[in-house]
Amino acid sequence: MLQQVNGHNPRSDGQAREYLREDLQEFLDGEVLLYQLDDLTRVNPVTLETVLRCLQARYMADRFYTNAGCTLVALNPFKPIPQLYSPELMREYHAAPQPQKLKPHVFTVGEQTYRNVKSLIEPVNQSIVVSGESGAGKTWTSRCLMKFYAVVAASPASWETHKIAERIEQRILNSNPVMEAFGNACTLRNNNSSRFGKFIQLQLNRAQQMTGAAVQTYLLEKTRVACQASSERNFHIFYQICKGASEDERLQWHLPEGAAFSWLPNPERSLEEDCFEVTREAMLHLGIDTPTQNNIFKVLAGLLHLGNIQFAASEDEAQPCQPMDDAKCSVRTASLLLGLPEDVLLETVQIRTIRAGRQQQVFRKPCPRAECDTRRDCLAKLIYARLFDWLVSVINSSICADTDSWTTFIGLLDVYGFESFPDNSLEQLCINYANEKLQQHFVAHYLRAQQECRLNRPSSAAQLQTRIETALAGSPCLGHNKLSREPSFIVVHYAGPVRYHTAGLVEKNKDPVPPELTRLLQQSQDPLLMGLFPTNPKEKTQEEPSGQSRNPVLTVVSKFKASLEQLLQVLHSTTPHYIRCIKPNSQGQAQTFVQEEVLSQLEACGLVETIHISAAGFPIRISHQNFVERYKLLRRLRPHTSSGPHSPYTAKGLPEWCPHSEEAMLEPLIQDILHTLPVLTQAAATPGDSAEAMPAPMHCGRTKVFITDSMLELLECGRAQVLEQCARCIQGGWRRHRHREQARQRRAAMLIQAAIRSWLTRKHIQRLHAAATVIKHAWQKWRIRMAYLAAKELDGVEEKHFSQAPCSLSTSPLQTRFLEAIIRLWPLGLVLANTAMGVSSFQRKLVVWACLHLPRGSPSSYSVQTAQQDQAGVTSIRALPQGSIKFHCRKSPLRYADICPEPSPYSVTGFNQILLERHRLIHM
């Protein structure tokens with residue numbers, strides 16, 4: 001069309017643009033609505049064509065996840081999209097109140113399973129079945145889920161627990177590159193195709209934190225070690241050691257540059273999975289040290305050299321086949337790397353040991369060339385299978401937690417996709433049988449339909465063909481091609497018919513391992529092989545059956561069927577979730593959507609039928625007890641007035657309970673819950689919807705309640721509403737309680753503070769009162785003491801003075817009182833006499849003379865001797881002096897008498913100050 005627009009069409013440019021505009025408008029009108037549909041159940045009408053167009057529109061818009069009812073459809077983008085799987089996006093889906101409201105994503109399924117672990121709906125354990133054909137992205141989806149759980153389920157509070165969670169997360173993620181290196185290979189459809197099935201059990205404790213994991217493997221395609229189809233490769237690990245080994249390691253493992261190995265086809269093809277350092281680093285994190293790694297790689301190199309051993313046909317049947325000339329060096333190198341004697345290795349491959357008779361006589365028979373090749377291949381497959389099982393055990397011992405440390409688990413099942421090749425054998429039969437059983441499990445869980453196909457195992461290909469045609473002739477799922485010369489049969493699987501060749505089917509099923517091969521490996525001097533093949537094993541394996549045992553020998557199909565039944569038993573005990581991976585094209589190109597290839601995958605997985613039943617049926621079933629336990633909160637939404645017997649949900653679909661059964665006790669509770677459905681429906685209904693047009697949202701059986709996805713969402717919304725109301729009520733009550741407690745605490749604090757202040761004030765007042773009392777008592781004692789001392793010092797001076805006064809001296813009463821005052825104020829004279837500053841010597845004499853009222857006369861006739869500054873003071877005043885006067889001072893007996901207790905404006909201190917104050921108080 002673009003060429004036509006560019007002028008390669010004789011029509012005018014205007015007409016070309018018009019047609020292009022019309023085509024573009026038609027495309028937009030038809031695809032825009034489909035592009036916006038996140039759930040394929042909303043496609044109208046639901047057909048293969050409409051579903052295909054919706055997926056194509058979303059794929060071109062880089063929307064690779066779409067809901068299909070109970071299933072998530074995942075389209076392989078075939079390009080790196082970091083932002084689509086970032087840790088921030090993981091936390092966004094984990095923190096969302098309703099993750100199903102966000103865009104469809106693999107994280108939605110992961111978060112749903114993680115929340116179901118904490119819910120009350122039984123069973124608590126969850127499982128996710130990731131299905132799809134090879135190259136659809138199953139391994140990548142499982143890896144993303146593991147990373148999601150490692151992020152959301154490893155958020156403990158303590159630092160020590162956080163480090164433990166990080167270590168478990170790292171070991172779980174490191175198990176992926178090791179398992180992919182030893183178990184994945186490049187096929188026609190996928191560069192990283194899983195050639196084994198695995199069920200990863202993520203173990204969670206009561207706090208929903210990841211404590212460990214366990215890996216269980218199924219049906220390793222060990223035949224790929226010795227036989228690869230055209231344009232396919234061996235397991236990745238062989239190419240990694242050949243391309244990533246150093247020079248010293250090449251010499252040690254005898255892997256020269258450019259060496260050719262028959263079991264290593266297409267070595268020139270480089271893939272992203274050929275990174276040797278990633279595998280080594282992951283093995284170190286899992287606890288496999290460097291010497292053990294080198295031992296493993298040395299054994300793998302020995303297997304490559306073992307594959308180069310080619311035998312020449314022997315002309316004499318009694319003589320063993322000899323290796324070719326160019327293979328003798330390979331025999332020597334293989335025996336050296338495997339730690340086996342060269343002659344014993346060659347003899348075990350060339351000669352078969354037969355035990356016959358009652359006495360178990362041993363016969364040695366040379367093997368033909370084809371049998372020598374078979375025994376060589378059997379030896380390599382036996383070693384690789386044991387090595388792979390040992391790696392799985394090492395991984396489990398590294399990441400598995402104790403039984404007491406975890407309570408629930410989330411299982412991730414990643415198995416082969418459905419395979420149909422030009423030549424299909426036992427491996428494809430087992431792979432498709434497993435997919436058939438998983439499809440039946442899906443049908444039994446969601447679509448309530450079962451179908452099974454069993455095949456007997458005769459002893460030869462011809463008998464197998466006859467028995468199949470005879471026993472299953474009337475089965476519509478079995479047929480055969482009458483025009484084919486090769487013996488074969490056709491099985492019509494859910495994904496389409498597949499033709500299986502019966503040639504070699506029985507031998508592959510028996511998978512015989514000659515006991516001499518096991519005994520040969522027990523003689524190895526290699527430390528790894530000595531551990532894989534102990535001399536005295538505790539348990540007998542199928543490689544070492546007892547001679548006289550009548551027990552049936554385990555075959556490939558029997559072992560695989562037993563492990564598959566065990567897996568299905570685990571799945572039936574969990575709540576399953578399904579992810580359908582779709583491959584848009586076979587070339588692995590981005591933005592390329594091949595409708596024919598996608599259409600065949602949609603038909604194979606029955607996606608359209610799933611959408612039909614998910615849209616119209618009741619895919620969700622919950623027991624009565626669990627339904628009541630989870631949704632009994634909805635009774636709070638029931639109106640106060642009973643809905644009465646005419647309520648549309650009162651008796652619709654209710655079972656007839658036996659009055660003596662346990663269900664009879666749940667009947668009123670279920671009815672109360674059903675009475676709330678009109679309220680929920682009216683709240684969720686739009687104004688244009690009519691109640692009569694709405695389909696029945698739920699149905700009650702005898703033991704379970706059947707509901708649709710929309711009804712489950714409505715019930716969950718109502719439950720969330722009730723929980724929100726309860727939370728608000730609890731928050732309001734808590735806030736009121738907290739405010740009351742805070743007010744009470746404030747009042748109590750105020751009372752305590754007031755009491756403390758009162759107590760401190762009272763104590764302070766008591767201390768002041770006690771101090772005042774002490775001071776008062778001391779003052780009283782001091783006053784009495786001073787009065788006593790003063791009286792003792794004066795010693796009756798007044799009386800003597802007045803009695804010896806001259807008679808000629810006539811004084812008036814006023815003078816008498818004045819003299820008495822002078823005598824009482826004699827300490828003032830003493831103070832003035834001892835004052836060092838402020839008064840001159842003559843003035844002091846006059847003051848002393850006036851205060852003592854000495855006889856008047858010539859001042860020169862009297863000599864008054866005063867105390868100097870260095871003298872102690874007045875020593876004695878016994879009588880009025882008749883001549884010169886000498887004052888004698890004595891130190892006061894009171895302690896601290898010369899210290900002023902408080903500041904005073906006066907310049908005098910101590911004992912004299914107290915005397916002055918006493919004198920002043922007396923006269924006031």
# chains A, B, ... in the order shown; residues from 1 in each chain; ligands from 1
>>> residues_around(residues="A:Ile383", least_positions_apart="2", cutoff="10 Å", atoms="only C-alpha atoms", output="ChimeraX atom specification")
/A:222,299-300,303,378-381,385-388,518,521,529,532-533
>>> write_last_selection(atoms="C-alpha atoms", output="PDB file, in the first residue's frame")
ATOM      1  CA  LYS A 222      18.729 -36.934  29.369  1.00  0.00           C
ATOM      2  CA  VAL A 299      33.401 -34.884  34.208  1.00  0.00           C
ATOM      3  CA  LEU A 300      31.352 -33.029  31.570  1.00  0.00           C
ATOM      4  CA  LEU A 303      31.389 -37.060  28.525  1.00  0.00           C
ATOM      5  CA  CYS A 378      23.599 -45.153  28.314  1.00  0.00           C
ATOM      6  CA  LEU A 379      26.761 -44.549  30.337  1.00  0.00           C
ATOM      7  CA  ALA A 380      26.750 -40.835  29.471  1.00  0.00           C
ATOM      8  CA  LYS A 381      23.038 -40.434  30.222  1.00  0.00           C
ATOM      9  CA  ALA A 385      21.179 -37.728  35.172  1.00  0.00           C
ATOM     10  CA  ARG A 386      22.904 -38.467  38.479  1.00  0.00           C
ATOM     11  CA  LEU A 387      24.811 -35.181  38.238  1.00  0.00           C
ATOM     12  CA  PHE A 388      21.624 -33.229  37.572  1.00  0.00           C
ATOM     13  CA  THR A 518      26.987 -49.084  37.359  1.00  0.00           C
ATOM     14  CA  LEU A 521      31.310 -46.150  37.700  1.00  0.00           C
ATOM     15  CA  LEU A 529      31.663 -39.881  40.648  1.00  0.00           C
ATOM     16  CA  LEU A 532      27.319 -40.121  42.801  1.00  0.00           C
ATOM     17  CA  PHE A 533      27.901 -43.877  42.581  1.00  0.00           C
TER      18      PHE A 533
END
>>> atom_distance(atom1="atom CA of A:Ala318", atom2="atom CA of A:Pro366")
6.3 Å
>>> residues_around(residues="A:Leu602", least_positions_apart="3", cutoff="12 Å", atoms="only C-alpha atoms", output="ChimeraX atom specification")
/A:47-52,55,68,73-75,132-133,494-496,580-584,595-599,605-611
>>> residues_around(residues="A:Thr141", least_positions_apart="2", cutoff="12 Å", atoms="only C-alpha atoms", output="ChimeraX atom specification")
/A:64-65,72-77,85,105-107,109-110,128-132,135-139,143-148,412-414,578-582
>>> write_last_selection(atoms="N, CA and C atoms", output="short mmCIF file (atom, residue, chain, number, x, y, z; two decimals), in the first residue's frame")
data_model
loop_
_atom_site.label_atom_id
_atom_site.label_comp_id
_atom_site.auth_asym_id
_atom_site.auth_seq_id
_atom_site.Cartn_x
_atom_site.Cartn_y
_atom_site.Cartn_z
N PHE A 64 1.27 -6.43 27.01
CA PHE A 64 1.52 -7.85 26.77
C PHE A 64 0.74 -8.77 27.70
N TYR A 65 -0.04 -8.21 28.63
CA TYR A 65 -0.81 -9.01 29.56
C TYR A 65 -2.29 -8.65 29.43
N LEU A 72 -4.67 -15.53 33.02
CA LEU A 72 -3.91 -14.39 32.52
C LEU A 72 -3.18 -14.81 31.26
N VAL A 73 -3.38 -14.09 30.18
CA VAL A 73 -2.71 -14.35 28.91
C VAL A 73 -1.48 -13.46 28.84
N ALA A 74 -0.32 -14.08 28.64
CA ALA A 74 0.96 -13.36 28.59
C ALA A 74 1.58 -13.54 27.21
N LEU A 75 1.74 -12.44 26.48
CA LEU A 75 2.39 -12.45 25.17
C LEU A 75 3.87 -12.16 25.33
N ASN A 76 4.69 -12.96 24.68
CA ASN A 76 6.14 -12.78 24.77
C ASN A 76 6.55 -11.55 23.97
N PRO A 77 7.11 -10.51 24.62
CA PRO A 77 7.46 -9.30 23.87
C PRO A 77 8.69 -9.47 22.99
N TYR A 85 9.17 -4.57 34.62
CA TYR A 85 9.43 -5.51 35.72
C TYR A 85 10.34 -4.88 36.78
N HIS A 105 -1.21 -7.78 34.74
CA HIS A 105 0.23 -8.00 34.84
C HIS A 105 0.46 -9.33 35.55
N VAL A 106 1.64 -9.87 35.36
CA VAL A 106 1.99 -11.08 36.09
C VAL A 106 2.10 -10.79 37.58
N PHE A 107 2.37 -9.52 37.93
CA PHE A 107 2.41 -9.15 39.34
C PHE A 107 1.02 -9.19 39.97
N VAL A 109 -1.26 -11.53 39.44
CA VAL A 109 -1.42 -12.92 39.89
C VAL A 109 -0.55 -13.18 41.11
N GLY A 110 0.68 -12.68 41.09
CA GLY A 110 1.56 -12.87 42.23
C GLY A 110 1.01 -12.24 43.50
N ILE A 128 0.65 -21.66 41.09
CA ILE A 128 0.52 -20.97 39.80
C ILE A 128 1.05 -21.92 38.72
N VAL A 129 0.20 -22.24 37.77
CA VAL A 129 0.56 -23.12 36.66
C VAL A 129 0.85 -22.25 35.45
N VAL A 130 2.10 -22.23 35.02
CA VAL A 130 2.53 -21.45 33.86
C VAL A 130 2.63 -22.41 32.69
N SER A 131 1.77 -22.25 31.71
CA SER A 131 1.73 -23.17 30.57
C SER A 131 1.95 -22.40 29.28
N GLY A 132 2.18 -23.16 28.23
CA GLY A 132 2.44 -22.58 26.92
C GLY A 132 3.47 -23.42 26.18
N GLY A 135 9.14 -21.58 23.97
CA GLY A 135 9.45 -20.26 23.48
C GLY A 135 8.40 -19.22 23.79
N ALA A 136 7.36 -19.59 24.52
CA ALA A 136 6.30 -18.63 24.84
C ALA A 136 6.64 -17.74 26.01
N GLY A 137 7.67 -18.08 26.77
CA GLY A 137 8.08 -17.23 27.89
C GLY A 137 7.72 -17.78 29.25
N LYS A 138 7.61 -19.10 29.38
CA LYS A 138 7.24 -19.68 30.68
C LYS A 138 8.35 -19.49 31.70
N THR A 139 9.58 -19.74 31.28
CA THR A 139 10.70 -19.61 32.23
C THR A 139 10.88 -18.17 32.67
N ARG A 143 10.49 -16.71 36.45
CA ARG A 143 11.58 -15.93 37.03
C ARG A 143 11.06 -14.60 37.57
N CYS A 144 10.16 -13.95 36.84
CA CYS A 144 9.58 -12.69 37.31
C CYS A 144 8.76 -12.90 38.58
N LEU A 145 8.01 -14.00 38.64
CA LEU A 145 7.23 -14.28 39.85
C LEU A 145 8.13 -14.52 41.05
N MET A 146 9.22 -15.25 40.84
CA MET A 146 10.15 -15.49 41.94
C MET A 146 10.77 -14.18 42.43
N LYS A 147 11.12 -13.31 41.51
CA LYS A 147 11.67 -12.01 41.88
C LYS A 147 10.63 -11.18 42.62
N PHE A 148 9.38 -11.26 42.20
CA PHE A 148 8.32 -10.50 42.87
C PHE A 148 8.14 -10.97 44.31
N LEU A 412 5.19 -22.69 42.10
CA LEU A 412 5.33 -22.25 40.71
C LEU A 412 5.65 -23.47 39.86
N LEU A 413 4.75 -23.81 38.94
CA LEU A 413 4.94 -24.97 38.09
C LEU A 413 5.32 -24.51 36.69
N ASP A 414 6.51 -24.92 36.27
CA ASP A 414 7.02 -24.60 34.93
C ASP A 414 7.38 -25.93 34.26
N TYR A 578 -3.71 -19.65 36.87
CA TYR A 578 -3.19 -20.07 35.57
C TYR A 578 -2.71 -18.86 34.78
N ILE A 579 -1.56 -19.06 34.14
CA ILE A 579 -1.00 -18.07 33.23
C ILE A 579 -0.72 -18.78 31.92
N ARG A 580 -1.35 -18.32 30.86
CA ARG A 580 -1.17 -18.89 29.52
C ARG A 580 -0.18 -18.01 28.75
N CYS A 581 0.96 -18.56 28.45
CA CYS A 581 1.97 -17.83 27.68
C CYS A 581 1.78 -18.10 26.19
N ILE A 582 1.77 -17.04 25.41
CA ILE A 582 1.55 -17.12 23.96
C ILE A 582 2.79 -16.58 23.25
#
>>> atom_distance(atom1="atom CA of A:Asp526", atom2="atom CA of A:Pro265")
27.3 Å
